[in-house]
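Please read the structure below before turning to the comments.
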Amino acid sequence: MKRMIQSFKLDQRGLARVFGELEARIMEAVWELGPATVQDVCDHLGPDQNYKTVMTVMNRLVEKKALLRHRDARAFIYEAADSRDAFVQDVSRHVVEGLLQDFGPAAIAQFLAAMDTSPESLDALRKLIETGRAGQEG
Amino acid sequence: MIEIHWRGGRPGADGPFYALLILGLGLVAGLLGFILHYSPAVAAQAVDACLAVSESTYTLSTALLVPWSFISIVVGFALVSVVWQLLATRHLIGSLLRRRVPVPDELTSAARAVGIEALDLVEDKRPLAFCYGFAHPAVCLTTGMLDLLNADELRAVLLHEAHHVVSRDPLKILISRALGIGLFFLPAAQDLRDRYLVGKEIAADASAARVVRSELPLASALLKLLSHGGATLPSTVAAIGAFNLTEERIQRMVRGAPVERARLDGRRLLLSGLVVGLIYLASYLSLAAAAQAATSVDECSQTTLVGR
Ligand SMILES: [Zn+2]
């Protein structure tokens with residue numbers, strides 16, 4: 001999900017904010033059709049769609065983890081990774097959190113607020129736990 | 001290097017926070033004092049009937065502009081920061097609490113046992129635990145955190161968060177960040193804020209370790225979270241530049257040293273002192289000069305009256 005919305009376009013509306021225009025139309029088609037082949041999606045989109053283009057974009061969506069692909073007896077079947085609602089909710093959550101990250105922090109006290117550790121510290125922590133456990137057992 | 005000592009222990013190492021608060025309030029109160037001290041001259045001048053009055057009114061209101069603008073900058077920036085943090089907090093907490101799930105009884109009693117009355121459990125794969133809320137702080141856990149930790153580790157994390165609840169750290173974070181922004185021209189203010197933000201975590205760790213009489217559960221909880229990766233919310237430590245928060249905590253655990261002192265860089269302290277001195281000097285000079293002008297206008301009006 002994180003990868004999927006790396007480029008967030010504030011000037012666009014709806015799903016076009018996270019997808020390219022054709023990507024958004026393909027996602028809408030798959031959500032509507034359910035599990036579908038490239039041909040199904042092509043037919044759904046209208047007569048002037050280039051099969052090859054649609055296939056390329058759909059494979060890109062698989063890479064972005066927005067679509068799942070599996071092999072049927074005859075062809076590849078594509079399926080949305082998330083329901084439309086779950087997807088939109090997840091996107092808006094990440095967008096809110098992304099905005100917070102950019103513009104300002106919330107006033108909360110987090111148990112682990114920063115992942116800023118060196119490998120040496122991690123080793124030291126590991127050692128502390130090992131020797132501590134040994135001490136408890138002995 | 002100058003060392004500042006403060007009391008550790010319960011409810012927390014809040015020395016830097018209160019030092020920052022006094023610094024901010026003191027600076028604003030001092031400037032207000034200046035204005036009040038010289039305002040009789042302003043008042044005298046307002047009722048003045050002398051012919052030269054219009055020119056010196058200009059001088060006086062300009063003179064008041066100097067301390068007033070310093071006050072407005074500090075208070076204005078701090079308020080903007082408060083408003084922004086409140087909005088950011090509301091958004092974040094709102095988006096998480098939408099996925100709130102019922103708290104299992106064992107978890108409720110585990111939280112009560114360490115003094116946490118208000119606990120939220122949120123359906124989220126990321127392992128998170130945090131304390132939020134200003135008047136009555138509450139603790140929020142995610143299901144991801146429950147899945148990751150064993151009972152001892154969870155208790156240590158709850159104890160750590162309970163410390164934040166007792167010392168009302170969300171409110172102190174709000175104020176210290178606002179003051180850090182309002183006093184952006186004072187390096188010492190930034191240092192105090194950072195020192196507080198780091199110090200409160202170390203104090204919460206120490207408090208948890210004291211109760212369970214071991215650093216172990218806390219250390220292994222921390223290690224699990226660090227190995228898990230990507231388990232933080234939009235940063236609560238965006239302000240911290242000079243400190244490496246998690247590293248400091250680990251060093252404290254490993255060395256087992258009590259946290260009783262922090263260092264303020266002498267040069268940054270000196271620079272801050274100079275800036276404060278300059279602000280007061282500029283305010284004093286402009287006010288005193290204008291008050292002098294007002295007095296002479298006053299005399300002028302008296303002679304005018306006598307002359308009639
Ligand atoms: Zn904490």
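For the structure tokens, the naming scheme is as follows: chains receive sequential letters (A, B, ...) according to their order of presentation, residues are indexed from 1 within each chain, and ligands are indexed from 1 in presentation order.
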
Could you list, as a list in words, all residues that come within 6 Å of ligand 1? Count only C-alpha atoms and all ligand atoms. Ala109, Gln110 and Phe111 of chain A; Glu161 and Glu201 of chain B

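With only C-alpha atoms taken into account, the protein and nucleic acid residues at most 10 Å from Val57 (chain A) (excluding it and anything under 6 positions from it in its own chain) are Gly20, Leu22, Glu23, Ile26 and Glu63 of chain A.
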
Up to 7 Å from chain A, what residues of chain B turn up? Count only C-alpha atoms and give them as number ranges by chain. B: 85, 88-89, 92, 95, 129-132, 161, 164, 169-170, 173-174, 216, 219-220, 223, 226, 232, 234-238, 244-247, 250, 254

Could you save the residues just selected, with N, CA, C and O atoms, as a CSV table (one decimal), in the first residue's frame?
```csv
chain,number,residue,atom,x,y,z
B,85,GLN,N,-0.8,21.4,16.2
B,85,GLN,CA,-0.6,20.2,16.9
B,85,GLN,C,-2.0,19.6,17.3
B,85,GLN,O,-2.2,18.4,17.2
B,88,ALA,N,-3.5,18.1,14.2
B,88,ALA,CA,-2.8,16.9,13.8
B,88,ALA,C,-3.1,15.8,14.7
B,88,ALA,O,-3.3,14.6,14.3
B,89,THR,N,-3.2,16.1,16.0
B,89,THR,CA,-3.5,15.0,17.0
B,89,THR,C,-4.9,14.5,16.8
B,89,THR,O,-5.1,13.3,16.8
B,92,LEU,N,-5.1,12.3,13.6
B,92,LEU,CA,-4.4,11.0,13.8
B,92,LEU,C,-5.2,10.1,14.7
B,92,LEU,O,-5.5,8.9,14.4
B,95,SER,N,-8.4,8.9,13.1
B,95,SER,CA,-8.3,7.9,12.0
B,95,SER,C,-8.0,6.5,12.6
B,95,SER,O,-8.3,5.5,12.1
B,129,ALA,N,1.9,1.6,20.6
B,129,ALA,CA,1.4,1.9,21.9
B,129,ALA,C,1.7,3.4,22.1
B,129,ALA,O,2.8,3.8,21.9
B,130,PHE,N,0.7,4.1,22.6
B,130,PHE,CA,1.0,5.5,22.9
B,130,PHE,C,-0.1,6.1,23.8
B,130,PHE,O,-1.1,5.5,24.1
B,131,CYS,N,0.3,7.2,24.4
B,131,CYS,CA,-0.5,7.9,25.3
B,131,CYS,C,-1.0,9.2,24.7
B,131,CYS,O,-0.2,9.9,24.1
B,132,TYR,N,-2.3,9.5,24.8
B,132,TYR,CA,-2.8,10.7,24.2
B,132,TYR,C,-3.8,11.4,25.1
B,132,TYR,O,-4.3,10.7,26.0
B,161,GLU,N,3.8,3.5,29.5
B,161,GLU,CA,2.8,4.4,29.1
B,161,GLU,C,2.1,5.0,30.3
B,161,GLU,O,1.6,6.2,30.3
B,164,HIS,N,3.6,8.1,31.4
B,164,HIS,CA,3.2,9.3,30.6
B,164,HIS,C,1.9,9.8,31.0
B,164,HIS,O,1.6,11.0,31.0
B,169,ASP,N,2.2,13.8,30.0
B,169,ASP,CA,3.2,14.1,29.0
B,169,ASP,C,2.6,14.6,27.7
B,169,ASP,O,3.2,15.5,27.1
B,170,PRO,N,1.4,14.2,27.2
B,170,PRO,CA,0.9,14.8,26.0
B,170,PRO,C,0.8,16.3,26.1
B,170,PRO,O,1.1,17.0,25.1
B,173,ILE,N,4.2,17.8,26.0
B,173,ILE,CA,4.8,17.8,24.7
B,173,ILE,C,4.2,18.9,23.9
B,173,ILE,O,4.9,19.7,23.2
B,174,LEU,N,2.9,19.1,24.0
B,174,LEU,CA,2.2,20.2,23.2
B,174,LEU,C,2.8,21.5,23.6
B,174,LEU,O,3.2,22.3,22.7
B,216,LEU,N,14.8,-6.1,31.6
B,216,LEU,CA,14.7,-7.1,30.6
B,216,LEU,C,13.4,-7.1,29.8
B,216,LEU,O,13.5,-7.0,28.5
B,219,ALA,N,13.5,-4.1,27.5
B,219,ALA,CA,14.5,-4.2,26.5
B,219,ALA,C,14.1,-5.2,25.4
B,219,ALA,O,14.2,-4.9,24.2
B,220,SER,N,13.4,-6.3,25.8
B,220,SER,CA,13.1,-7.2,24.7
B,220,SER,C,11.9,-6.7,23.9
B,220,SER,O,11.7,-7.0,22.7
B,223,LEU,N,13.4,-4.4,21.5
B,223,LEU,CA,14.1,-5.1,20.4
B,223,LEU,C,13.2,-5.7,19.4
B,223,LEU,O,13.4,-5.7,18.2
B,226,LEU,N,11.9,-3.0,17.2
B,226,LEU,CA,12.9,-2.5,16.3
B,226,LEU,C,13.2,-3.5,15.2
B,226,LEU,O,13.5,-3.1,14.0
B,232,THR,N,6.2,2.9,13.6
B,232,THR,CA,6.0,4.2,14.3
B,232,THR,C,4.9,5.0,13.5
B,232,THR,O,4.7,4.8,12.3
B,234,PRO,N,3.4,8.8,12.5
B,234,PRO,CA,4.0,10.1,12.1
B,234,PRO,C,4.6,10.7,13.4
B,234,PRO,O,4.0,10.7,14.4
B,235,SER,N,5.8,11.1,13.2
B,235,SER,CA,6.7,11.2,14.4
B,235,SER,C,6.2,12.2,15.4
B,235,SER,O,5.6,13.2,15.2
B,236,THR,N,6.5,11.7,16.7
B,236,THR,CA,6.3,12.6,17.8
B,236,THR,C,7.6,13.3,18.1
B,236,THR,O,7.7,14.1,19.0
B,237,VAL,N,8.6,13.0,17.4
B,237,VAL,CA,9.9,13.5,17.8
B,237,VAL,C,10.5,14.3,16.6
B,237,VAL,O,11.7,14.4,16.5
B,238,ALA,N,9.7,14.8,15.8
B,238,ALA,CA,10.2,15.5,14.6
B,238,ALA,C,11.1,16.6,15.0
B,238,ALA,O,12.0,17.0,14.3
B,244,ASN,N,19.5,11.3,19.5
B,244,ASN,CA,19.1,10.0,18.8
B,244,ASN,C,18.3,9.3,19.9
B,244,ASN,O,18.8,8.6,20.8
B,245,LEU,N,17.0,9.5,19.9
B,245,LEU,CA,16.1,9.1,21.0
B,245,LEU,C,16.2,7.7,21.4
B,245,LEU,O,16.5,7.3,22.5
B,246,THR,N,16.0,6.8,20.4
B,246,THR,CA,16.0,5.4,20.7
B,246,THR,C,17.4,4.9,21.2
B,246,THR,O,17.5,4.1,22.1
B,247,GLU,N,18.4,5.5,20.5
B,247,GLU,CA,19.7,5.1,20.9
B,247,GLU,C,20.0,5.5,22.3
B,247,GLU,O,20.6,4.7,23.1
B,250,ILE,N,18.4,3.0,24.6
B,250,ILE,CA,19.1,1.7,24.7
B,250,ILE,C,20.4,1.9,25.5
B,250,ILE,O,20.7,1.1,26.4
B,254,VAL,N,21.4,-0.3,28.7
B,254,VAL,CA,22.6,-1.2,28.7
B,254,VAL,C,23.6,-0.8,29.8
B,254,VAL,O,24.1,-1.6,30.5
```

Please provide the set of residues having any atom within 12 Å of Leu271 (chain B), restricted to only C-alpha atoms, with same-chain residues fewer than 6 positions apart removed, written as an mmCIF file with C-alpha atoms, in the first residue's frame.
```
data_model
loop_
_atom_site.group_PDB
_atom_site.id
_atom_site.type_symbol
_atom_site.label_atom_id
_atom_site.label_comp_id
_atom_site.auth_asym_id
_atom_site.auth_seq_id
_atom_site.Cartn_x
_atom_site.Cartn_y
_atom_site.Cartn_z
ATOM 1 C CA PHE B 185 15.515 32.511 18.122
ATOM 2 C CA LEU B 186 16.882 30.976 21.347
ATOM 3 C CA PRO B 187 19.058 27.884 20.824
ATOM 4 C CA ALA B 188 18.777 27.110 24.549
ATOM 5 C CA ALA B 189 14.991 26.804 24.174
ATOM 6 C CA LEU B 264 23.383 22.276 27.759
ATOM 7 C CA ASP B 265 25.964 23.464 25.304
ATOM 8 C CA GLY B 277 19.847 40.802 26.279
ATOM 9 C CA LEU B 278 19.528 42.431 22.861
#
```

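Non-sequential neighbours of Arg210 (chain B) (distance at most 12 Å, separation of 3 or more positions within a chain, only C-alpha atoms) are Gly9, Arg10, Ala156, Leu159, His160, His163, Ala203, Ala204, Asp205, Ala206, Ser207, Arg213, Ser214, Glu215, Leu216, Pro217, Leu218, Met253, Gly256 and Pro258 of chain B.
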
Include N, CA, C and O atoms and write out the residues we just selected as a PDB file, in the first residue's frame.
```pdb
ATOM      1  N   GLY B   9      13.297  10.316  39.154  1.00  0.00           N
ATOM      2  CA  GLY B   9      12.246   9.637  39.900  1.00  0.00           C
ATOM      3  C   GLY B   9      10.864  10.104  39.530  1.00  0.00           C
ATOM      4  O   GLY B   9      10.637  10.644  38.458  1.00  0.00           O
ATOM      5  N   ARG B  10       9.896   9.892  40.402  1.00  0.00           N
ATOM      6  CA  ARG B  10       8.502  10.167  40.100  1.00  0.00           C
ATOM      7  C   ARG B  10       8.191  11.644  40.232  1.00  0.00           C
ATOM      8  O   ARG B  10       8.753  12.303  41.072  1.00  0.00           O
ATOM      9  N   ALA B 156       5.416  -4.292  30.811  1.00  0.00           N
ATOM     10  CA  ALA B 156       6.443  -3.250  30.854  1.00  0.00           C
ATOM     11  C   ALA B 156       6.053  -2.057  29.974  1.00  0.00           C
ATOM     12  O   ALA B 156       6.222  -0.898  30.367  1.00  0.00           O
ATOM     13  N   LEU B 159       3.396  -0.143  31.728  1.00  0.00           N
ATOM     14  CA  LEU B 159       3.987   0.655  32.817  1.00  0.00           C
ATOM     15  C   LEU B 159       4.652   1.913  32.270  1.00  0.00           C
ATOM     16  O   LEU B 159       4.552   2.987  32.856  1.00  0.00           O
ATOM     17  N   HIS B 160       5.341   1.747  31.152  1.00  0.00           N
ATOM     18  CA  HIS B 160       5.982   2.889  30.502  1.00  0.00           C
ATOM     19  C   HIS B 160       4.925   3.942  30.138  1.00  0.00           C
ATOM     20  O   HIS B 160       5.068   5.127  30.450  1.00  0.00           O
ATOM     21  N   HIS B 163       3.380   5.843  33.034  1.00  0.00           N
ATOM     22  CA  HIS B 163       4.201   6.960  33.483  1.00  0.00           C
ATOM     23  C   HIS B 163       3.854   8.230  32.710  1.00  0.00           C
ATOM     24  O   HIS B 163       3.759   9.308  33.288  1.00  0.00           O
ATOM     25  N   ALA B 203      12.794   8.530  31.491  1.00  0.00           N
ATOM     26  CA  ALA B 203      12.148   8.469  32.805  1.00  0.00           C
ATOM     27  C   ALA B 203      11.044   7.413  32.806  1.00  0.00           C
ATOM     28  O   ALA B 203      10.873   6.686  33.783  1.00  0.00           O
ATOM     29  N   ALA B 204      10.286   7.318  31.702  1.00  0.00           N
ATOM     30  CA  ALA B 204       9.210   6.322  31.625  1.00  0.00           C
ATOM     31  C   ALA B 204       9.794   4.904  31.617  1.00  0.00           C
ATOM     32  O   ALA B 204       9.260   4.003  32.269  1.00  0.00           O
ATOM     33  N   ASP B 205      10.908   4.733  30.893  1.00  0.00           N
ATOM     34  CA  ASP B 205      11.598   3.430  30.903  1.00  0.00           C
ATOM     35  C   ASP B 205      12.057   3.085  32.314  1.00  0.00           C
ATOM     36  O   ASP B 205      11.863   1.970  32.796  1.00  0.00           O
ATOM     37  N   ALA B 206      12.685   4.068  32.966  1.00  0.00           N
ATOM     38  CA  ALA B 206      13.227   3.835  34.310  1.00  0.00           C
ATOM     39  C   ALA B 206      12.107   3.489  35.272  1.00  0.00           C
ATOM     40  O   ALA B 206      12.249   2.593  36.113  1.00  0.00           O
ATOM     41  N   SER B 207      10.982   4.190  35.131  1.00  0.00           N
ATOM     42  CA  SER B 207       9.853   3.938  36.016  1.00  0.00           C
ATOM     43  C   SER B 207       9.322   2.511  35.831  1.00  0.00           C
ATOM     44  O   SER B 207       9.029   1.808  36.802  1.00  0.00           O
ATOM     45  N   ARG B 213      11.488  -4.419  38.454  1.00  0.00           N
ATOM     46  CA  ARG B 213      12.834  -4.689  38.962  1.00  0.00           C
ATOM     47  C   ARG B 213      13.734  -5.344  37.939  1.00  0.00           C
ATOM     48  O   ARG B 213      14.562  -6.212  38.260  1.00  0.00           O
ATOM     49  N   SER B 214      13.530  -4.961  36.685  1.00  0.00           N
ATOM     50  CA  SER B 214      14.383  -5.509  35.633  1.00  0.00           C
ATOM     51  C   SER B 214      14.252  -4.665  34.375  1.00  0.00           C
ATOM     52  O   SER B 214      13.174  -4.151  34.078  1.00  0.00           O
ATOM     53  N   GLU B 215      15.349  -4.552  33.668  1.00  0.00           N
ATOM     54  CA  GLU B 215      15.322  -3.848  32.384  1.00  0.00           C
ATOM     55  C   GLU B 215      14.855  -4.805  31.284  1.00  0.00           C
ATOM     56  O   GLU B 215      14.565  -4.386  30.167  1.00  0.00           O
ATOM     57  N   LEU B 216      14.830  -6.092  31.626  1.00  0.00           N
ATOM     58  CA  LEU B 216      14.708  -7.133  30.607  1.00  0.00           C
ATOM     59  C   LEU B 216      13.429  -7.071  29.758  1.00  0.00           C
ATOM     60  O   LEU B 216      13.523  -7.032  28.530  1.00  0.00           O
ATOM     61  N   PRO B 217      12.241  -7.069  30.375  1.00  0.00           N
ATOM     62  CA  PRO B 217      11.030  -7.070  29.540  1.00  0.00           C
ATOM     63  C   PRO B 217      10.941  -5.850  28.621  1.00  0.00           C
ATOM     64  O   PRO B 217      10.542  -5.967  27.458  1.00  0.00           O
ATOM     65  N   LEU B 218      11.351  -4.709  29.140  1.00  0.00           N
ATOM     66  CA  LEU B 218      11.323  -3.484  28.341  1.00  0.00           C
ATOM     67  C   LEU B 218      12.300  -3.591  27.178  1.00  0.00           C
ATOM     68  O   LEU B 218      11.989  -3.252  26.037  1.00  0.00           O
ATOM     69  N   MET B 253      19.618   1.773  29.088  1.00  0.00           N
ATOM     70  CA  MET B 253      19.294   0.416  29.539  1.00  0.00           C
ATOM     71  C   MET B 253      20.546  -0.418  29.684  1.00  0.00           C
ATOM     72  O   MET B 253      20.734  -1.136  30.657  1.00  0.00           O
ATOM     73  N   GLY B 256      22.665   1.058  32.368  1.00  0.00           N
ATOM     74  CA  GLY B 256      21.945   1.065  33.631  1.00  0.00           C
ATOM     75  C   GLY B 256      22.172   2.320  34.452  1.00  0.00           C
ATOM     76  O   GLY B 256      21.961   2.339  35.654  1.00  0.00           O
ATOM     77  N   PRO B 258      21.488   5.890  36.064  1.00  0.00           N
ATOM     78  CA  PRO B 258      20.315   6.691  36.369  1.00  0.00           C
ATOM     79  C   PRO B 258      20.341   7.997  35.576  1.00  0.00           C
ATOM     80  O   PRO B 258      21.404   8.513  35.255  1.00  0.00           O
TER      81      PRO B 258
END
```

As JSON, numbers by chain, which residues of region 32-119 of chain A does DSSP assign to strand (DSSP E or B)? {"A": [36, 67, 68, 69, 70, 71, 76, 77, 78, 79, 80, 109, 110]}

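Residues with any atom within 12 Å of Ala110 (chain B), counting only C-alpha atoms and excluding same-chain neighbours fewer than 5 positions away, are Val103, Pro104, Asp105, Gly115, Ile116, Glu117, Ala118, Leu119, Ala151, Asp152, Glu153, Leu154, Arg155, Ala156, Val157, Leu158, Leu159 and Ala162 of chain B.
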
Atoms kept (N, CA, C and O atoms) for selection, written as a PDB file, in the first residue's frame:
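Final output, saved to result_26.pdb:
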```pdb
ATOM      1  N   VAL B 103     -12.040  -4.247  24.230  1.00  0.00           N
ATOM      2  CA  VAL B 103     -10.831  -4.617  24.961  1.00  0.00           C
ATOM      3  C   VAL B 103     -11.083  -5.907  25.739  1.00  0.00           C
ATOM      4  O   VAL B 103     -12.047  -5.987  26.502  1.00  0.00           O
ATOM      5  N   PRO B 104     -10.236  -6.935  25.528  1.00  0.00           N
ATOM      6  CA  PRO B 104     -10.413  -8.172  26.294  1.00  0.00           C
ATOM      7  C   PRO B 104     -10.260  -7.901  27.801  1.00  0.00           C
ATOM      8  O   PRO B 104      -9.515  -7.010  28.191  1.00  0.00           O
ATOM      9  N   ASP B 105     -10.978  -8.707  28.613  1.00  0.00           N
ATOM     10  CA  ASP B 105     -10.962  -8.484  30.060  1.00  0.00           C
ATOM     11  C   ASP B 105      -9.566  -8.545  30.659  1.00  0.00           C
ATOM     12  O   ASP B 105      -9.221  -7.747  31.530  1.00  0.00           O
ATOM     13  N   GLY B 115      -2.306   1.045  36.760  1.00  0.00           N
ATOM     14  CA  GLY B 115      -2.822   2.399  36.984  1.00  0.00           C
ATOM     15  C   GLY B 115      -3.384   3.082  35.748  1.00  0.00           C
ATOM     16  O   GLY B 115      -3.603   4.283  35.754  1.00  0.00           O
ATOM     17  N   ILE B 116      -3.621   2.310  34.666  1.00  0.00           N
ATOM     18  CA  ILE B 116      -4.215   2.902  33.467  1.00  0.00           C
ATOM     19  C   ILE B 116      -5.719   2.651  33.497  1.00  0.00           C
ATOM     20  O   ILE B 116      -6.167   1.507  33.436  1.00  0.00           O
ATOM     21  N   GLU B 117      -6.494   3.742  33.593  1.00  0.00           N
ATOM     22  CA  GLU B 117      -7.952   3.589  33.671  1.00  0.00           C
ATOM     23  C   GLU B 117      -8.578   3.589  32.286  1.00  0.00           C
ATOM     24  O   GLU B 117      -9.545   2.884  32.027  1.00  0.00           O
ATOM     25  N   ALA B 118      -8.052   4.430  31.400  1.00  0.00           N
ATOM     26  CA  ALA B 118      -8.630   4.552  30.062  1.00  0.00           C
ATOM     27  C   ALA B 118      -7.714   3.889  29.038  1.00  0.00           C
ATOM     28  O   ALA B 118      -6.565   4.297  28.872  1.00  0.00           O
ATOM     29  N   LEU B 119      -8.227   2.839  28.383  1.00  0.00           N
ATOM     30  CA  LEU B 119      -7.426   2.111  27.400  1.00  0.00           C
ATOM     31  C   LEU B 119      -8.250   1.845  26.150  1.00  0.00           C
ATOM     32  O   LEU B 119      -9.397   1.411  26.243  1.00  0.00           O
ATOM     33  N   ALA B 151       3.366 -11.537  27.784  1.00  0.00           N
ATOM     34  CA  ALA B 151       2.694 -10.867  28.903  1.00  0.00           C
ATOM     35  C   ALA B 151       3.636  -9.920  29.666  1.00  0.00           C
ATOM     36  O   ALA B 151       3.262  -8.804  30.015  1.00  0.00           O
ATOM     37  N   ASP B 152       4.873 -10.382  29.915  1.00  0.00           N
ATOM     38  CA  ASP B 152       5.829  -9.550  30.660  1.00  0.00           C
ATOM     39  C   ASP B 152       6.174  -8.278  29.898  1.00  0.00           C
ATOM     40  O   ASP B 152       6.235  -7.191  30.472  1.00  0.00           O
ATOM     41  N   GLU B 153       6.408  -8.446  28.596  1.00  0.00           N
ATOM     42  CA  GLU B 153       6.764  -7.283  27.775  1.00  0.00           C
ATOM     43  C   GLU B 153       5.601  -6.295  27.712  1.00  0.00           C
ATOM     44  O   GLU B 153       5.802  -5.081  27.819  1.00  0.00           O
ATOM     45  N   LEU B 154       4.401  -6.845  27.574  1.00  0.00           N
ATOM     46  CA  LEU B 154       3.224  -5.984  27.499  1.00  0.00           C
ATOM     47  C   LEU B 154       3.059  -5.191  28.789  1.00  0.00           C
ATOM     48  O   LEU B 154       2.777  -3.989  28.778  1.00  0.00           O
ATOM     49  N   ARG B 155       3.298  -5.838  29.910  1.00  0.00           N
ATOM     50  CA  ARG B 155       3.179  -5.164  31.202  1.00  0.00           C
ATOM     51  C   ARG B 155       4.190  -4.022  31.296  1.00  0.00           C
ATOM     52  O   ARG B 155       3.877  -2.935  31.772  1.00  0.00           O
ATOM     53  N   ALA B 156       5.416  -4.292  30.811  1.00  0.00           N
ATOM     54  CA  ALA B 156       6.443  -3.250  30.854  1.00  0.00           C
ATOM     55  C   ALA B 156       6.053  -2.057  29.974  1.00  0.00           C
ATOM     56  O   ALA B 156       6.222  -0.898  30.367  1.00  0.00           O
ATOM     57  N   VAL B 157       5.499  -2.358  28.800  1.00  0.00           N
ATOM     58  CA  VAL B 157       5.069  -1.270  27.899  1.00  0.00           C
ATOM     59  C   VAL B 157       3.929  -0.479  28.542  1.00  0.00           C
ATOM     60  O   VAL B 157       3.899   0.759  28.498  1.00  0.00           O
ATOM     61  N   LEU B 158       2.994  -1.202  29.174  1.00  0.00           N
ATOM     62  CA  LEU B 158       1.882  -0.511  29.852  1.00  0.00           C
ATOM     63  C   LEU B 158       2.402   0.362  30.989  1.00  0.00           C
ATOM     64  O   LEU B 158       1.918   1.470  31.207  1.00  0.00           O
ATOM     65  N   LEU B 159       3.396  -0.143  31.728  1.00  0.00           N
ATOM     66  CA  LEU B 159       3.987   0.655  32.817  1.00  0.00           C
ATOM     67  C   LEU B 159       4.652   1.913  32.270  1.00  0.00           C
ATOM     68  O   LEU B 159       4.552   2.987  32.856  1.00  0.00           O
ATOM     69  N   ALA B 162       1.926   4.197  31.401  1.00  0.00           N
ATOM     70  CA  ALA B 162       1.288   4.698  32.623  1.00  0.00           C
ATOM     71  C   ALA B 162       2.069   5.887  33.180  1.00  0.00           C
ATOM     72  O   ALA B 162       1.488   6.832  33.717  1.00  0.00           O
TER      73      ALA B 162
END
```

Among listed residues A:Val38, A:Arg69, A:Arg84, A:Gly135, nearest Lys52 (chain A) (using only C-alpha atoms): A:Val38

Give me every alpha helix (DSSP H) residue in region 54-230 of chain B, going by DSSP on the backbone, as number ranges by chain. B: 54-97, 105-113, 143-148, 151-166, 169-182, 187-212, 216-228
